[in-house]
file protein28.txt (compact mmCIF, C-alpha atoms)
# COMPACT_ATOMS: atom_id res chain seq x y z
CA MET A 6 -15.92 -179.32 -168.86
CA ARG A 7 -14.73 -180.11 -165.33
CA THR A 8 -10.97 -180.24 -164.74
CA MET A 9 -9.20 -182.08 -161.98
CA GLY A 10 -7.16 -179.81 -159.65
CA ALA A 11 -3.94 -180.73 -157.84
CA PRO A 12 -4.50 -183.03 -154.84
CA THR A 13 -4.86 -181.17 -151.52
CA PRO A 14 -1.57 -181.40 -149.56
CA ARG A 15 -1.99 -183.38 -146.33
CA LEU A 16 0.10 -183.13 -143.16
CA LYS A 17 2.19 -186.16 -142.26
CA PRO A 18 1.13 -187.88 -139.00
CA GLY A 19 4.38 -186.76 -137.28
CA ALA A 20 3.79 -183.11 -138.16
CA THR A 21 0.19 -183.33 -136.94
CA TRP A 22 1.35 -184.69 -133.58
CA LEU A 23 3.96 -181.92 -133.34
CA LEU A 24 1.34 -179.22 -133.99
CA VAL A 25 -1.12 -180.76 -131.48
CA SER A 26 1.64 -180.99 -128.84
CA LEU A 27 2.68 -177.36 -129.40
CA PHE A 28 -0.94 -176.29 -129.11
CA LEU A 29 -1.29 -178.12 -125.78
CA ILE A 30 2.12 -177.20 -124.29
CA GLY A 31 2.18 -173.60 -125.57
CA PRO A 32 -0.08 -172.07 -122.89
CA ALA A 33 1.94 -173.79 -120.15
CA ILE A 34 5.19 -172.27 -121.50
CA VAL A 35 3.63 -168.81 -121.75
CA SER A 36 2.17 -168.99 -118.24
CA ALA A 37 5.62 -169.92 -116.88
CA GLN A 38 7.02 -166.48 -117.87
CA PRO A 39 7.98 -164.16 -114.96
CA GLN A 40 5.18 -161.97 -113.66
CA PRO A 41 5.59 -158.14 -113.63
CA PRO A 42 6.00 -156.51 -110.19
CA LYS A 43 2.67 -155.23 -108.81
CA ASP A 44 4.19 -152.49 -106.63
CA PHE A 45 7.54 -151.06 -105.46
CA VAL A 46 8.68 -151.84 -101.90
CA ALA A 47 11.12 -149.46 -100.18
CA VAL A 48 14.18 -150.81 -98.29
CA ASP A 49 16.90 -148.91 -96.41
CA GLU A 50 20.07 -150.70 -97.49
CA THR A 51 21.67 -151.54 -100.85
CA LEU A 52 20.96 -155.15 -101.83
CA PRO A 53 23.94 -157.52 -101.43
CA GLY A 54 25.31 -159.50 -104.36
CA GLU A 55 24.30 -157.23 -107.22
CA GLN A 56 25.48 -158.98 -110.38
CA ILE A 57 25.50 -155.89 -112.63
CA PRO A 58 26.75 -152.65 -111.03
CA ALA A 59 23.92 -150.10 -111.01
CA LEU A 60 25.95 -146.88 -110.87
CA PRO A 61 27.31 -146.90 -114.46
CA LEU A 62 23.78 -147.60 -115.75
CA ILE A 63 22.29 -144.75 -113.68
CA ALA A 64 25.12 -142.39 -114.69
CA GLY A 65 24.59 -143.39 -118.33
CA ALA A 66 20.83 -142.74 -118.22
CA TYR A 67 21.07 -139.39 -116.42
CA GLY A 68 24.17 -138.31 -118.35
CA PHE A 69 22.54 -139.04 -121.71
CA ILE A 70 19.40 -137.06 -120.82
CA TRP A 71 21.41 -134.10 -119.46
CA VAL A 72 23.81 -133.88 -122.40
CA VAL A 73 21.10 -134.24 -125.08
CA LEU A 74 18.84 -131.71 -123.30
CA LEU A 75 21.60 -129.11 -123.05
CA GLY A 76 22.50 -129.70 -126.70
CA TYR A 77 18.88 -129.37 -127.77
CA VAL A 78 18.30 -126.12 -125.84
CA TRP A 79 21.51 -124.69 -127.33
CA SER A 80 20.41 -125.81 -130.83
CA ILE A 81 16.98 -124.17 -130.50
CA GLY A 82 18.57 -120.95 -129.22
CA ARG A 83 20.99 -120.88 -132.16
CA ARG A 84 18.31 -121.60 -134.77
CA LEU A 85 15.97 -119.02 -133.25
CA GLN A 86 18.71 -116.38 -133.18
CA ARG A 87 19.51 -117.01 -136.85
CA VAL A 88 15.87 -116.86 -138.00
CA GLU A 89 15.10 -113.74 -135.96
CA GLY A 90 18.21 -112.06 -137.38
CA GLU A 91 17.05 -112.91 -140.91
CA LEU A 92 13.55 -111.65 -140.11
CA ALA A 93 14.85 -108.34 -138.76
CA ASP A 94 17.02 -107.96 -141.86
CA LEU A 95 14.07 -108.60 -144.21
CA GLU A 96 11.77 -106.24 -142.33
CA SER A 97 14.34 -103.43 -142.35
CA ARG A 98 14.81 -103.95 -146.12
CA ARG A 99 11.07 -103.53 -146.69
CA LYS A 100 10.93 -100.16 -144.89
CA MET B 9 12.52 -115.15 -126.54
CA THR B 10 9.84 -113.65 -124.30
CA ARG B 11 10.56 -112.83 -120.66
CA SER B 12 8.09 -115.43 -119.34
CA THR B 13 9.76 -118.16 -121.46
CA LEU B 14 13.15 -117.10 -120.11
CA TYR B 15 11.91 -117.30 -116.49
CA MET B 16 10.33 -120.70 -117.12
CA LEU B 17 13.55 -121.97 -118.72
CA ALA B 18 15.59 -120.72 -115.75
CA LEU B 19 13.16 -122.37 -113.30
CA ALA B 20 13.25 -125.68 -115.22
CA GLY B 21 17.06 -125.51 -115.29
CA GLY B 22 17.14 -124.90 -111.53
CA MET B 23 14.77 -127.81 -110.90
CA PHE B 24 16.92 -130.11 -113.04
CA ALA B 25 20.05 -128.97 -111.19
CA MET B 26 18.37 -129.82 -107.84
CA ALA B 27 16.97 -133.15 -109.08
CA PRO B 28 19.99 -135.36 -108.15
CA TRP B 29 19.75 -134.26 -104.50
CA ILE B 30 15.97 -134.83 -104.37
CA ILE B 31 16.31 -138.26 -106.06
CA ASN B 32 19.09 -139.17 -103.63
CA THR B 33 16.62 -138.89 -100.73
CA ALA B 34 14.52 -141.76 -102.15
CA PRO B 35 15.24 -145.19 -100.60
CA ASN B 36 16.39 -148.18 -102.64
CA GLU B 37 13.81 -150.62 -103.99
CA ALA B 38 13.55 -154.15 -102.51
CA THR B 39 14.07 -156.23 -105.66
CA MET B 40 15.79 -153.81 -108.05
CA GLY B 41 18.10 -152.03 -105.59
CA LEU B 42 19.73 -148.78 -106.63
CA VAL B 43 19.13 -149.03 -110.39
CA TYR B 44 15.40 -148.28 -110.07
CA LYS B 45 16.40 -144.62 -109.55
CA ILE B 46 16.52 -144.36 -113.34
CA TYR B 47 12.72 -144.45 -112.96
CA PHE B 48 12.68 -140.81 -111.72
CA PHE B 49 13.80 -139.57 -115.15
CA HIS B 50 12.48 -142.49 -117.23
CA MET B 51 8.81 -142.19 -116.23
CA PRO B 52 8.49 -138.38 -116.68
CA SER B 53 10.30 -138.70 -120.04
CA ALA B 54 7.82 -141.39 -121.09
CA TRP B 55 4.86 -139.19 -120.06
CA MET B 56 6.21 -136.23 -122.02
CA PHE B 57 6.84 -138.57 -124.97
CA LEU B 58 3.12 -139.52 -125.01
CA ILE B 59 1.87 -135.96 -124.29
CA ALA B 60 4.05 -134.56 -127.11
CA ALA B 61 2.56 -137.13 -129.52
CA ILE B 62 -0.97 -136.08 -128.47
CA VAL B 63 -0.12 -132.37 -128.93
CA ALA B 64 1.33 -133.13 -132.39
CA GLY B 65 -1.79 -135.11 -133.31
CA VAL B 66 -4.26 -132.47 -132.09
CA ALA B 67 -2.33 -129.64 -133.81
CA SER B 68 -2.17 -131.70 -137.01
CA ALA B 69 -5.94 -132.26 -136.88
CA ARG B 70 -6.47 -128.49 -136.51
CA PHE B 71 -4.15 -127.90 -139.47
CA LEU B 72 -5.79 -130.55 -141.65
CA PHE B 73 -9.48 -130.04 -140.87
CA PHE B 74 -9.68 -126.35 -139.84
CA ARG B 75 -6.89 -124.95 -142.08
CA LYS B 76 -5.14 -123.29 -139.13
CA ALA B 77 -1.71 -122.38 -140.55
CA THR B 78 -0.14 -121.74 -137.12
CA ALA B 79 -1.22 -125.22 -135.95
CA ASP B 80 1.33 -126.71 -138.34
CA GLY B 81 4.11 -124.92 -136.42
CA TRP B 82 2.82 -126.36 -133.14
CA ALA B 83 2.62 -129.84 -134.72
CA MET B 84 6.18 -129.61 -135.99
CA ALA B 85 7.41 -128.45 -132.56
CA ALA B 86 5.56 -131.24 -130.73
CA ALA B 87 6.78 -133.87 -133.22
CA GLU B 88 10.39 -132.89 -132.57
CA LEU B 89 9.76 -133.10 -128.81
CA THR B 90 8.16 -136.54 -129.28
CA VAL B 91 11.40 -137.74 -130.83
CA LEU B 92 13.49 -136.03 -128.12
CA PHE B 93 11.55 -137.43 -125.14
CA GLY B 94 11.12 -140.74 -126.97
CA ALA B 95 14.91 -141.00 -127.23
CA PHE B 96 15.20 -140.34 -123.46
CA THR B 97 12.64 -143.07 -122.74
CA LEU B 98 14.10 -145.61 -125.14
CA VAL B 99 17.66 -145.08 -123.88
CA SER B 100 16.99 -144.89 -120.13
CA GLY B 101 14.56 -147.86 -120.20
CA PRO B 102 17.05 -150.43 -121.54
CA LEU B 103 19.74 -149.17 -119.11
CA TRP B 104 17.30 -149.88 -116.27
CA ALA B 105 16.18 -153.19 -117.82
CA ARG B 106 19.76 -154.46 -118.11
CA ARG B 107 20.03 -154.58 -114.33
CA ALA B 108 16.38 -155.22 -113.42
CA TRP B 109 15.51 -157.87 -116.06
CA GLY B 110 18.99 -159.01 -117.10
CA VAL B 111 18.38 -158.00 -120.73
CA TRP B 112 18.58 -154.69 -122.61
CA TRP B 113 15.33 -155.19 -124.53
CA GLN B 114 12.14 -157.29 -124.60
CA TRP B 115 9.86 -157.38 -127.64
CA ASP B 116 6.76 -156.97 -125.48
CA ALA B 117 3.72 -154.81 -126.19
CA ARG B 118 4.85 -151.71 -124.22
CA LEU B 119 8.39 -151.54 -125.54
CA THR B 120 7.53 -152.42 -129.12
CA SER B 121 4.62 -149.96 -129.37
CA SER B 122 6.81 -147.20 -127.84
CA LEU B 123 9.52 -147.90 -130.42
CA LEU B 124 6.85 -147.76 -133.14
CA LEU B 125 5.65 -144.35 -131.91
CA PHE B 126 9.23 -143.05 -131.88
CA MET B 127 9.76 -144.31 -135.44
CA ILE B 128 6.49 -142.76 -136.67
CA PHE B 129 7.58 -139.33 -135.43
CA ALA B 130 11.15 -139.78 -136.68
CA ALA B 131 9.54 -140.52 -140.07
CA TYR B 132 7.42 -137.36 -139.66
CA LEU B 133 10.54 -135.22 -139.16
CA LEU B 134 12.29 -136.81 -142.14
CA LEU B 135 9.18 -136.26 -144.25
CA ARG B 136 8.99 -132.59 -143.27
CA ARG B 137 12.71 -132.12 -143.91
CA PHE B 138 12.98 -133.87 -147.26
CA GLY B 139 9.37 -134.35 -148.45
CA GLY B 140 9.10 -131.15 -150.52
CA PRO B 141 5.76 -129.48 -151.36
CA GLY B 142 2.73 -131.15 -149.78
CA SER B 143 4.74 -132.77 -147.00
CA ASP B 144 2.89 -130.63 -144.43
CA LYS B 145 -0.43 -132.40 -145.15
CA LEU B 146 1.18 -135.85 -145.44
CA GLY B 147 2.99 -135.21 -142.18
CA ALA B 148 -0.23 -134.15 -140.47
CA GLY B 149 -1.82 -137.46 -141.47
CA LEU B 150 1.19 -139.34 -140.12
CA ALA B 151 1.03 -137.44 -136.82
CA LEU B 152 -2.66 -138.36 -136.44
CA PHE B 153 -1.74 -142.00 -137.01
CA GLY B 154 1.00 -141.64 -134.38
CA MET B 155 -1.38 -140.09 -131.85
CA ALA B 156 -3.77 -143.04 -132.28
CA ASN B 157 -0.96 -145.27 -130.98
CA VAL B 158 -0.77 -143.45 -127.61
CA PRO B 159 -3.74 -145.10 -125.78
CA PHE B 160 -2.46 -148.55 -126.80
CA ILE B 161 0.96 -147.77 -125.32
CA TYR B 162 -0.59 -146.57 -122.07
CA VAL B 163 -2.84 -149.58 -121.49
CA SER B 164 -0.48 -152.17 -123.01
CA VAL B 165 1.06 -153.08 -119.64
CA ASN B 166 -2.38 -153.77 -118.15
CA TYR B 167 -3.83 -155.90 -120.96
CA TRP B 168 -0.88 -157.82 -122.45
CA ARG B 169 1.59 -160.15 -120.77
CA THR B 170 4.75 -158.13 -120.08
CA ILE B 171 7.48 -157.79 -117.46
CA HIS B 172 7.24 -153.97 -117.62
CA PRO B 173 5.72 -152.57 -114.37
CA PRO B 174 1.98 -151.80 -114.77
CA THR B 175 0.43 -148.32 -114.49
CA SER B 176 -0.76 -149.17 -110.94
CA VAL B 177 2.84 -148.68 -109.67
CA VAL B 178 2.55 -144.86 -109.66
CA PRO B 179 -0.46 -144.44 -107.30
CA THR B 180 0.86 -147.13 -104.91
CA LEU B 181 4.36 -145.63 -104.53
CA PRO B 182 5.50 -145.03 -100.92
CA ILE B 183 5.61 -141.32 -100.06
CA GLU B 184 9.44 -141.24 -99.90
CA MET B 185 9.54 -142.44 -103.53
CA GLY B 186 6.52 -140.40 -104.60
CA ILE B 187 7.96 -136.99 -103.66
CA PRO B 188 11.07 -137.27 -105.90
CA LEU B 189 8.94 -138.71 -108.69
CA TRP B 190 6.39 -135.86 -108.68
CA TYR B 191 9.22 -133.33 -108.38
CA CYS B 192 10.77 -134.78 -111.56
CA VAL B 193 7.36 -134.88 -113.28
CA ALA B 194 6.95 -131.15 -112.49
CA ALA B 195 10.47 -130.38 -113.81
CA PHE B 196 9.90 -132.33 -117.03
CA THR B 197 6.44 -130.77 -117.58
CA LEU B 198 7.84 -127.27 -117.16
CA LEU B 199 10.71 -128.07 -119.51
CA PHE B 200 8.31 -129.55 -122.05
CA ILE B 201 6.15 -126.39 -122.05
CA VAL B 202 9.20 -124.13 -122.45
CA LEU B 203 10.71 -126.22 -125.25
CA LEU B 204 7.35 -126.46 -127.03
CA ARG B 205 6.89 -122.68 -126.92
CA LEU B 206 10.46 -122.02 -128.11
CA ARG B 207 10.31 -124.58 -130.91
CA ALA B 208 6.87 -123.38 -132.08
CA ARG B 209 8.14 -119.79 -132.08
CA LEU B 210 11.03 -120.87 -134.29
CA GLU B 211 8.59 -122.47 -136.73
CA HIS B 212 6.28 -119.42 -136.77
CA GLN B 213 9.22 -117.06 -137.37
CA ARG B 214 10.38 -119.29 -140.22
CA ALA B 215 6.91 -119.02 -141.77
CA ARG B 216 7.12 -115.22 -141.51
CA VAL B 217 10.54 -115.19 -143.18
CA GLU B 218 9.18 -117.38 -145.99
CA ALA B 219 6.18 -115.07 -146.44
CA LEU B 220 8.46 -112.02 -146.62
CA TYR B 221 10.68 -113.65 -149.25
CA LEU B 222 7.58 -114.52 -151.30
CA ALA B 223 6.31 -110.93 -150.98
CA GLU B 224 9.70 -109.65 -152.13
CA GLU B 225 9.66 -111.88 -155.20
CA SER B 226 6.13 -110.92 -156.31

call {"tool": "encode", "arguments": {"input": "protein28.txt", "output": "structure tokens"}}
result
Amino acid sequence: MRTMGAPTPRLKPGATWLLVSLFLIGPAIVSAQPQPPKDFVAVDETLPGEQIPALPLIAGAYGFIWVVLLGYVWSIGRRLQRVEGELADLESRRK
Amino acid sequence: MTRSTLYMLALAGGMFAMAPWIINTAPNEATMGLVYKIYFFHMPSAWMFLIAAIVAGVASARFLFFRKATADGWAMAAAELTVLFGAFTLVSGPLWARRAWGVWWQWDARLTSSLLLFMIFAAYLLLRRFGGPGSDKLGAGLALFGMANVPFIYVSVNYWRTIHPPTSVVPTLPIEMGIPLWYCVAAFTLLFIVLLRLRARLEHQRARVEALYLAEES
């Protein structure tokens, strides 16, 4: 026996127009995004009118890398010292 | 610590100590000004981030498919370095972007895939730390999955729409910017090799300690 299913939902005309408009306008919006720089150009002087000061950002980036690196080297040294001490202890116990 | 590792560590330390003076000789950039100097640490960090992920993936493949026990130590060491250099990249990048793009972060292909790689290797370390028995093999599979992400990250700036500079920036750099950059690349590469050797040694010594404890018990 054949049963009748629920009617297929249809988009309202307004929603259809909205979707068609988005489909047509979408590529134009995407193509309006800023393009990435193709190369770096060297200049001699600092640019005037910098909105965000660069120095704290540079100090933050370099400072973070320096501090974490020093901490990591110290941590490896400490862990290595502990394990090698334990290893020497175990080996001397076996003899 | 072997003598050669100690010399390499001292040399890397010396190169890092000299780096601010070398970077200071580079001129400012026309559109980004002074802030682009973050690039001299950001780009080498990003390269080491990707190389570490490849080393972890290759070592994991050796461990999984050829049953090389020592390869697991190398994989663990490289995974930790992936997270370390990934953190450098993902912190220095937004600091540069804040001034250059006006925003801290963009959900574009390069940035998002880099964050994904960092998270995969952070998950690897958590798995190895808390995963219990069998986590070595699970981790190796995860590291292989992470390594597969590396080529996509590298080419993402060339194939997808993004405001991140493309890979063509490096070969077209003026000489006065190129010298500090390659100096920093050399310093980071040397540091990466030293840290990888030290961290792998730690893992191999741990394996020896574990084997000795097991021998004592039996």

call {"tool": "residues_around", "arguments": {"input": "protein28.txt", "residues": "stretch 46-53 of chain B", "least_positions_apart": "6", "cutoff": "8 Å", "atoms": "only C-alpha atoms", "output": "number ranges by chain"}}
result
A: 63, 66-67; B: 31, 93-94, 96-97, 100-101, 104, 188-189, 192-193, 196-197

call {"tool": "interface_residues", "arguments": {"input": "protein28.txt", "of": "chain A", "to": "chain B", "cutoff": "10 Å", "atoms": "all atoms listed in the file", "output": "ChimeraX atom specification"}}
result
/A:35-36,38-53,55-71,73-75,77-78,81-82,84-89,91-96,98-99

call {"tool": "atom_distance", "arguments": {"input": "protein28.txt", "atom1": "atom CA of B:Ala69", "atom2": "atom CA of B:Thr120"}}
result
25.5 Å

call {"tool": "atom_distance", "arguments": {"input": "protein28.txt", "atom1": "atom CA of B:Leu123", "atom2": "atom CA of B:Ala194"}}
result
24.7 Å

call {"tool": "axis_aligned_box", "arguments": {"input": "protein28.txt", "around": "stretch 89-98 of chain A", "padding_each_side": "3 Å", "output": "AutoDock Vina command-line options"}}
result
--center_x 15.0 --center_y -108.6 --center_z -141.0 --size_x 12.4 --size_y 16.3 --size_z 16.2

call {"tool": "closest_residue", "arguments": {"input": "protein28.txt", "among": "B:Tyr162, B:Phe200, B:Phe129, B:Trp29", "to": "B:Val91", "atoms": "all atoms listed in the file"}}
result
B:Phe129

call {"tool": "residues_around", "arguments": {"input": "protein28.txt", "residues": "B:Ala61", "least_positions_apart": "3", "cutoff": "12 Å", "atoms": "all atoms listed in the file", "output": "number ranges by chain"}}
result
B: 54-58, 64-68, 82-94, 122, 125-130, 132, 148, 150-159, 161, 204

call {"tool": "residues_around", "arguments": {"input": "protein28.txt", "residues": "B:Ala117", "least_positions_apart": "4", "cutoff": "7 Å", "atoms": "all atoms listed in the file", "output": "JSON list (two decimals) with C-alpha atoms, keeping the file's coordinate frame"}}
result
[["chain", "number", "residue", "atom", "x", "y", "z"],
["B", 121, "SER", "CA", 4.62, -149.96, -129.37],
["B", 164, "SER", "CA", -0.48, -152.17, -123.01],
["B", 168, "TRP", "CA", -0.88, -157.82, -122.45]]
